[in-house]
file model_26.csv (CSV, C-alpha atoms)
chain,number,residue,atom,x,y,z
Q,1,MET,CA,12.8,52.1,77.4
Q,2,ILE,CA,10.3,54.2,79.5
Q,3,GLU,CA,10.9,51.8,82.4
Q,4,GLU,CA,14.6,52.3,82.1
Q,5,CYS,CA,14.1,56.0,82.1
Q,6,MET,CA,12.0,55.7,85.3
Q,7,ALA,CA,14.7,53.6,86.8
Q,8,GLY,CA,17.2,56.4,86.2
Q,9,LYS,CA,19.2,54.4,83.6
Q,10,ILE,CA,18.6,56.8,80.7
Q,11,ASP,CA,19.0,60.5,81.0
Q,12,MET,CA,18.2,61.6,77.4
Q,13,ILE,CA,16.5,60.0,74.4
Q,14,VAL,CA,17.5,60.9,70.8
Q,15,THR,CA,15.3,59.5,68.1
Q,16,LYS,CA,15.2,59.9,64.3
Q,17,SER,CA,11.7,61.3,64.1
Q,18,ILE,CA,8.4,61.8,65.8
Q,19,SER,CA,6.9,58.9,63.8
Q,20,ARG,CA,9.5,56.6,65.2
Q,21,PHE,CA,8.8,57.5,68.8
Q,22,ALA,CA,5.1,56.7,69.0
Q,23,ARG,CA,2.3,55.5,66.8
Q,24,ASN,CA,-0.2,58.3,67.6
Q,25,THR,CA,-0.3,61.8,69.0
Q,26,LEU,CA,-1.8,60.8,72.4
Q,27,ASP,CA,0.8,58.2,73.1
Q,28,CYS,CA,3.6,60.6,72.0
Q,29,LEU,CA,2.4,63.4,74.3
Q,30,LYS,CA,1.8,61.0,77.2
Q,31,TYR,CA,5.3,59.6,77.1
Q,32,ILE,CA,6.9,63.0,76.5
Q,33,ARG,CA,5.1,64.4,79.5
Q,34,GLN,CA,6.1,61.4,81.7
Q,35,LEU,CA,9.7,61.9,80.6
Q,36,LYS,CA,9.6,65.6,81.1
Q,37,ASP,CA,8.4,65.2,84.7
Q,38,LEU,CA,11.4,63.0,85.2
Q,39,GLY,CA,13.7,65.6,83.7
Q,40,ILE,CA,14.5,63.5,80.7
Q,41,PRO,CA,14.5,65.3,77.4
Q,42,VAL,CA,13.7,63.7,74.0
Q,43,TYR,CA,15.4,65.1,70.9
Q,44,PHE,CA,13.8,64.5,67.5
Q,45,GLU,CA,16.6,64.8,64.9
Q,46,LYS,CA,14.5,65.2,61.8
Q,47,GLU,CA,12.3,67.9,63.3
Q,48,SER,CA,15.0,69.5,65.5
Q,49,ILE,CA,12.8,69.5,68.5
Q,50,ASN,CA,14.0,69.2,72.1
Q,51,THR,CA,11.1,68.6,74.5
Q,52,MET,CA,12.8,70.7,77.2
Q,53,ASP,CA,12.5,73.8,75.1
Q,54,ALA,CA,9.5,76.1,75.8
Q,55,LYS,CA,8.2,75.8,72.3
Q,56,GLY,CA,8.9,72.0,72.2
Q,57,GLU,CA,5.5,70.7,73.2
Q,58,VAL,CA,3.5,73.0,70.9
Q,59,LEU,CA,5.7,72.0,68.0
Q,60,LEU,CA,5.6,68.4,69.0
Q,61,THR,CA,1.8,68.4,69.2
Q,62,ILE,CA,1.5,69.8,65.7
Q,63,MET,CA,4.3,67.5,64.2
Q,64,ALA,CA,3.0,64.4,66.0
Q,65,SER,CA,-0.5,65.0,64.6
Q,66,LEU,CA,1.0,65.3,61.1
Q,67,ALA,CA,3.1,62.2,61.6
Q,68,GLN,CA,0.0,60.3,62.7
Q,69,GLN,CA,-1.9,61.5,59.7
Q,70,GLU,CA,0.9,60.5,57.4
Q,71,SER,CA,1.2,57.1,58.9
Q,72,GLN,CA,-2.6,56.5,58.6
Q,73,SER,CA,-2.5,57.7,55.0
Q,74,LEU,CA,0.4,55.3,54.2
Q,75,SER,CA,-1.4,52.4,55.8
Q,76,GLN,CA,-4.5,53.1,53.8
Q,77,ASN,CA,-2.5,53.3,50.6
Q,78,VAL,CA,-0.9,49.9,51.3
Q,79,LYS,CA,-4.3,48.3,52.1
Q,80,LEU,CA,-5.8,49.7,48.8
Q,81,GLY,CA,-2.8,48.4,46.9
Q,82,CYS,CA,-3.3,45.0,48.3
Q,83,GLN,CA,-7.0,45.0,47.6
Q,84,TYR,CA,-6.3,46.2,44.0
Q,85,ARG,CA,-3.8,43.4,43.4
Q,86,TYR,CA,-6.3,40.9,44.8
Q,87,GLN,CA,-9.0,42.1,42.5
Q,88,GLN,CA,-6.6,41.7,39.6
Q,89,GLY,CA,-6.0,38.1,40.7
Q,90,LYS,CA,-2.4,38.8,41.9
Q,91,VAL,CA,-1.9,37.1,45.2
Q,92,GLN,CA,1.2,38.3,47.2
Q,93,VAL,CA,2.9,35.4,48.9
Q,94,ASN,CA,6.2,35.6,50.8
Q,95,HIS,CA,7.7,32.4,49.3
Q,96,THR,CA,11.2,32.9,50.7
Q,97,ARG,CA,10.4,31.3,54.1
Q,98,PHE,CA,8.2,28.4,52.8
Q,99,LEU,CA,9.5,25.3,51.2
Q,100,GLY,CA,8.4,24.1,47.9
Q,101,TYR,CA,8.1,27.3,45.9
Q,102,THR,CA,10.0,30.0,44.1
Q,103,LYS,CA,9.0,32.6,41.6
Q,104,ASP,CA,9.6,32.8,37.9
Q,105,ALA,CA,10.8,36.0,36.0
Q,106,ASP,CA,7.2,37.2,35.9
Q,107,GLY,CA,6.7,36.8,39.6
Q,108,ASN,CA,4.4,33.8,39.4
Q,109,LEU,CA,4.8,31.0,42.0
Q,110,ILE,CA,6.4,27.9,40.6
Q,111,ILE,CA,7.0,24.6,42.3
Q,112,GLU,CA,10.6,23.9,43.4
Q,113,PRO,CA,10.7,20.1,43.0
Q,114,SER,CA,13.4,19.2,45.6
Q,115,GLU,CA,11.7,21.3,48.3
Q,116,ALA,CA,8.3,20.0,47.2
Q,117,GLU,CA,9.4,16.5,48.2
Q,118,THR,CA,10.0,17.8,51.8
Q,119,VAL,CA,6.5,19.4,51.9
Q,120,LYS,CA,5.0,16.1,50.6
Q,121,ARG,CA,6.9,14.2,53.3
Q,122,ILE,CA,5.6,16.5,56.1
Q,123,TYR,CA,2.0,16.0,54.8
Q,124,ARG,CA,2.5,12.3,54.5
Q,125,GLU,CA,3.9,11.9,58.0
Q,126,TYR,CA,1.3,14.2,59.5
Q,127,LEU,CA,-1.6,12.3,57.8
Q,128,GLU,CA,0.0,9.0,59.0
Q,129,GLY,CA,-0.4,10.3,62.6
Q,130,ALA,CA,3.2,11.3,63.4
Q,131,SER,CA,3.4,14.0,66.1
Q,132,LEU,CA,4.8,17.4,65.1
Q,133,LEU,CA,7.8,16.8,67.3
Q,134,ASP,CA,8.5,13.4,65.6
Q,135,ILE,CA,8.3,15.0,62.2
Q,136,ALA,CA,10.6,17.8,63.3
Q,137,LYS,CA,13.1,15.4,64.7
Q,138,SER,CA,13.1,13.2,61.5
Q,139,LEU,CA,13.7,16.3,59.3
Q,140,GLU,CA,16.6,17.4,61.5
Q,141,HIS,CA,18.0,13.8,61.5
Q,142,ASP,CA,18.0,13.7,57.7
Q,143,GLY,CA,19.7,17.2,57.5
Q,144,ILE,CA,16.8,18.9,55.8
Q,145,LEU,CA,16.8,22.7,56.3
Q,146,THR,CA,13.7,24.7,57.1
Q,147,GLY,CA,12.2,27.3,54.7
Q,148,ALA,CA,14.3,29.9,56.5
Q,149,GLY,CA,17.5,27.8,56.0
Q,150,MET,CA,17.8,26.7,59.6
Q,151,LYS,CA,18.9,23.3,60.8
Q,152,ARG,CA,16.5,23.1,63.7
Q,153,TRP,CA,12.9,22.4,63.1
Q,154,ARG,CA,10.4,23.4,65.7
Q,155,PRO,CA,7.1,21.6,66.0
Q,156,GLU,CA,5.2,24.9,65.5
Q,157,SER,CA,7.1,25.3,62.1
Q,158,VAL,CA,6.0,21.8,61.0
Q,159,LYS,CA,2.4,22.6,62.0
Q,160,ASP,CA,2.5,25.6,59.6
Q,161,TYR,CA,2.7,23.4,56.5
Q,162,PRO,CA,-0.5,21.4,56.8
Q,163,GLN,CA,-2.3,24.5,58.0
Q,164,GLU,CA,-1.0,27.1,55.5
Q,165,ARG,CA,-4.0,27.6,53.3
Q,166,LYS,CA,-2.7,30.3,51.0
Q,167,ILE,CA,0.4,28.5,49.8
Q,168,TYR,CA,-0.1,24.8,50.1
Q,169,ARG,CA,-3.8,24.5,49.3
Q,170,GLY,CA,-3.7,27.0,46.4
Q,171,CYS,CA,-6.2,29.5,47.5
Q,172,ALA,CA,-6.3,32.8,49.2
Q,173,SER,CA,-9.0,35.2,50.4
Q,174,ALA,CA,-9.2,38.8,51.4
Q,175,LYS,CA,-12.5,40.0,52.8
Q,176,ASP,CA,-15.0,39.1,50.1
Q,177,ILE,CA,-12.5,38.3,47.4
Q,178,TYR,CA,-11.5,34.6,46.9
Q,179,ARG,CA,-8.8,33.5,44.5
Q,180,ARG,CA,-7.4,30.2,43.5
Q,181,PHE,CA,-4.0,30.4,41.9
Q,182,PRO,CA,-2.3,27.8,39.7
Q,183,HIS,CA,0.9,26.1,40.6
Q,184,LYS,CA,3.3,25.6,37.8
Q,185,GLU,CA,6.1,23.1,37.7
Q,186,LYS,CA,9.6,24.7,37.5
Q,187,SER,CA,11.1,24.0,34.1
Q,188,GLU,CA,14.4,22.3,34.0
Q,189,GLU,CA,17.0,24.6,32.4
call {"tool": "encode", "arguments": {"input": "model_26.csv", "output": "structure tokens"}}
result
Amino acid sequence: MIEECMAGKIDMIVTKSISRFARNTLDCLKYIRQLKDLGIPVYFEKESINTMDAKGEVLLTIMASLAQQESQSLSQNVKLGCQYRYQQGKVQVNHTRFLGYTKDADGNLIIEPSEAETVKRIYREYLEGASLLDIAKSLEHDGILTGAGMKRWRPESVKDYPQERKIYRGCASAKDIYRRFPHKEKSEE
């Protein structure tokens, strides 16, 4: 967007808040000053700051510092939450884009038998020496959808299955914490 401003394609930027404009105070001020030199104002809706106002940069410096501190605090809280869950033996896995698993009512990973067959097939063909491209083509030919529900399989996507340690090998690690987690069969209802 900065390049488009420099090319004269944008004459004003309106953004939701300072925290959405830049990740830290220095970047925020650097870009604001570049844009100000070009005569391009930036308006922050949440804070009601227009960078072309006389008081704009002073307010912006203070608010950008607060936004950066809030962002760092939020990041730290997320990291601590993940670490706490790990210590409790709760491994967070995004199962929605991987084949072979779903979650039960308690949030535990359980094997989805029909999808598990596809995963086994990928492993089998991989171990038999088939190229990633050949595996992808055979899955497409047989009408098997990816974990994301797409018809087209990319070789890079196929490669993820044999190399995905956390999900398909049943173990996960975070710094010095290592957890094995059980796989349960999905009960037929």
call {"tool": "closest_residue", "arguments": {"input": "model_26.csv", "among": "Q:Pro155, Q:Met150, Q:Leu38, Q:Lys120", "to": "Q:Leu132", "atoms": "all atoms listed in the file"}}
result
Q:Pro155
call {"tool": "closest_residue", "arguments": {"input": "model_26.csv", "among": "Q:Thr118, Q:Thr51, Q:Glu57, Q:Trp153", "to": "Q:His141", "atoms": "only C-alpha atoms"}}
result
Q:Trp153
call {"tool": "closest_residue", "arguments": {"input": "model_26.csv", "among": "Q:Gly81, Q:Phe44, Q:Ile62, Q:Arg154", "to": "Q:Ser131", "atoms": "only C-alpha atoms"}}
result
Q:Arg154
call {"tool": "residues_around", "arguments": {"input": "model_26.csv", "residues": "stretch 133-139 of chain Q", "least_positions_apart": "5", "cutoff": "9 Å", "atoms": "all atoms listed in the file", "output": "list in words"}}
result
Thr118, Ile122, Glu125, Tyr126, Ile144, Leu145, Thr146, Lys151, Arg152, Trp153, Arg154, Pro155, Glu156, Ser157 and Val158 of chain Q
call {"tool": "atom_distance", "arguments": {"input": "model_26.csv", "atom1": "atom CA of Q:Asp27", "atom2": "atom CA of Q:Cys82"}}
result
28.4 Å
call {"tool": "atom_distance", "arguments": {"input": "model_26.csv", "atom1": "atom CA of Q:Ile32", "atom2": "atom CA of Q:Glu70"}}
result
20.2 Å
call {"tool": "closest_residue", "arguments": {"input": "model_26.csv", "among": "Q:Tyr161, Q:Ser19, Q:Leu29, Q:Leu74", "to": "Q:Arg124", "atoms": "only C-alpha atoms"}}
result
Q:Tyr161
call {"tool": "closest_residue", "arguments": {"input": "model_26.csv", "among": "Q:Ser65, Q:Lys16, Q:Leu26, Q:Leu60", "to": "Q:Glu45", "atoms": "all atoms listed in the file"}}
result
Q:Lys16
call {"tool": "closest_residue", "arguments": {"input": "model_26.csv", "among": "Q:Pro41, Q:Gly107, Q:Gly100, Q:Gly8", "to": "Q:Gly147", "atoms": "all atoms listed in the file"}}
result
Q:Gly100
call {"tool": "atom_distance", "arguments": {"input": "model_26.csv", "atom1": "atom CA of Q:Pro113", "atom2": "atom CA of Q:Arg97"}}
result
15.8 Å
call {"tool": "build_atoms", "arguments": {"input": "model_26.csv", "residues": "stretch 50-72 of chain Q", "atoms": "N, CA and C atoms", "output": "mmCIF file, in the frame of the given file"}}
result
data_model
loop_
_atom_site.group_PDB
_atom_site.id
_atom_site.type_symbol
_atom_site.label_atom_id
_atom_site.label_comp_id
_atom_site.auth_asym_id
_atom_site.auth_seq_id
_atom_site.Cartn_x
_atom_site.Cartn_y
_atom_site.Cartn_z
ATOM 1 N N ASN Q 50 13.567 69.694 70.741
ATOM 2 C CA ASN Q 50 14.000 69.200 72.100
ATOM 3 C C ASN Q 50 12.820 69.475 72.988
ATOM 4 N N THR Q 51 12.350 68.427 73.650
ATOM 5 C CA THR Q 51 11.100 68.600 74.500
ATOM 6 C C THR Q 51 11.322 69.437 75.697
ATOM 7 N N MET Q 52 12.542 69.780 76.049
ATOM 8 C CA MET Q 52 12.800 70.700 77.200
ATOM 9 C C MET Q 52 12.693 72.129 76.824
ATOM 10 N N ASP Q 53 12.664 72.429 75.526
ATOM 11 C CA ASP Q 53 12.500 73.800 75.100
ATOM 12 C C ASP Q 53 11.058 74.258 75.366
ATOM 13 N N ALA Q 54 10.872 75.558 75.562
ATOM 14 C CA ALA Q 54 9.500 76.100 75.800
ATOM 15 C C ALA Q 54 8.585 75.827 74.681
ATOM 16 N N LYS Q 55 9.059 75.957 73.465
ATOM 17 C CA LYS Q 55 8.200 75.800 72.300
ATOM 18 C C LYS Q 55 8.086 74.294 71.890
ATOM 19 N N GLY Q 56 8.825 73.425 72.579
ATOM 20 C CA GLY Q 56 8.900 72.000 72.200
ATOM 21 C C GLY Q 56 7.566 71.300 72.157
ATOM 22 N N GLU Q 57 6.731 71.465 73.206
ATOM 23 C CA GLU Q 57 5.500 70.700 73.200
ATOM 24 C C GLU Q 57 4.481 71.188 72.211
ATOM 25 N N VAL Q 58 4.426 72.483 71.964
ATOM 26 C CA VAL Q 58 3.500 73.000 70.900
ATOM 27 C C VAL Q 58 3.902 72.461 69.571
ATOM 28 N N LEU Q 59 5.186 72.579 69.249
ATOM 29 C CA LEU Q 59 5.700 72.000 68.000
ATOM 30 C C LEU Q 59 5.449 70.540 67.897
ATOM 31 N N LEU Q 60 5.714 69.880 68.996
ATOM 32 C CA LEU Q 60 5.600 68.400 69.000
ATOM 33 C C LEU Q 60 4.132 68.001 68.803
ATOM 34 N N THR Q 61 3.187 68.709 69.376
ATOM 35 C CA THR Q 61 1.800 68.400 69.200
ATOM 36 C C THR Q 61 1.394 68.477 67.704
ATOM 37 N N ILE Q 62 1.822 69.564 67.081
ATOM 38 C CA ILE Q 62 1.500 69.800 65.700
ATOM 39 C C ILE Q 62 2.208 68.693 64.816
ATOM 40 N N MET Q 63 3.488 68.487 65.055
ATOM 41 C CA MET Q 63 4.300 67.500 64.200
ATOM 42 C C MET Q 63 3.793 66.084 64.487
ATOM 43 N N ALA Q 64 3.436 65.760 65.726
ATOM 44 C CA ALA Q 64 3.000 64.400 66.000
ATOM 45 C C ALA Q 64 1.634 64.147 65.312
ATOM 46 N N SER Q 65 0.779 65.158 65.267
ATOM 47 C CA SER Q 65 -0.500 65.000 64.600
ATOM 48 C C SER Q 65 -0.254 64.778 63.068
ATOM 49 N N LEU Q 66 0.672 65.528 62.500
ATOM 50 C CA LEU Q 66 1.000 65.300 61.100
ATOM 51 C C LEU Q 66 1.601 63.968 60.826
ATOM 52 N N ALA Q 67 2.485 63.525 61.728
ATOM 53 C CA ALA Q 67 3.100 62.200 61.600
ATOM 54 C C ALA Q 67 2.065 61.100 61.659
ATOM 55 N N GLN Q 68 1.109 61.261 62.587
ATOM 56 C CA GLN Q 68 0.000 60.300 62.700
ATOM 57 C C GLN Q 68 -0.807 60.227 61.460
ATOM 58 N N GLN Q 69 -1.131 61.390 60.923
ATOM 59 C CA GLN Q 69 -1.900 61.500 59.700
ATOM 60 C C GLN Q 69 -1.197 60.824 58.529
ATOM 61 N N GLU Q 70 0.097 61.099 58.436
ATOM 62 C CA GLU Q 70 0.900 60.500 57.400
ATOM 63 C C GLU Q 70 0.956 59.000 57.488
ATOM 64 N N SER Q 71 1.113 58.505 58.704
ATOM 65 C CA SER Q 71 1.200 57.100 58.900
ATOM 66 C C SER Q 71 -0.166 56.409 58.555
ATOM 67 N N GLN Q 72 -1.281 57.033 58.928
ATOM 68 C CA GLN Q 72 -2.600 56.500 58.600
ATOM 69 C C GLN Q 72 -2.816 56.501 57.072
#
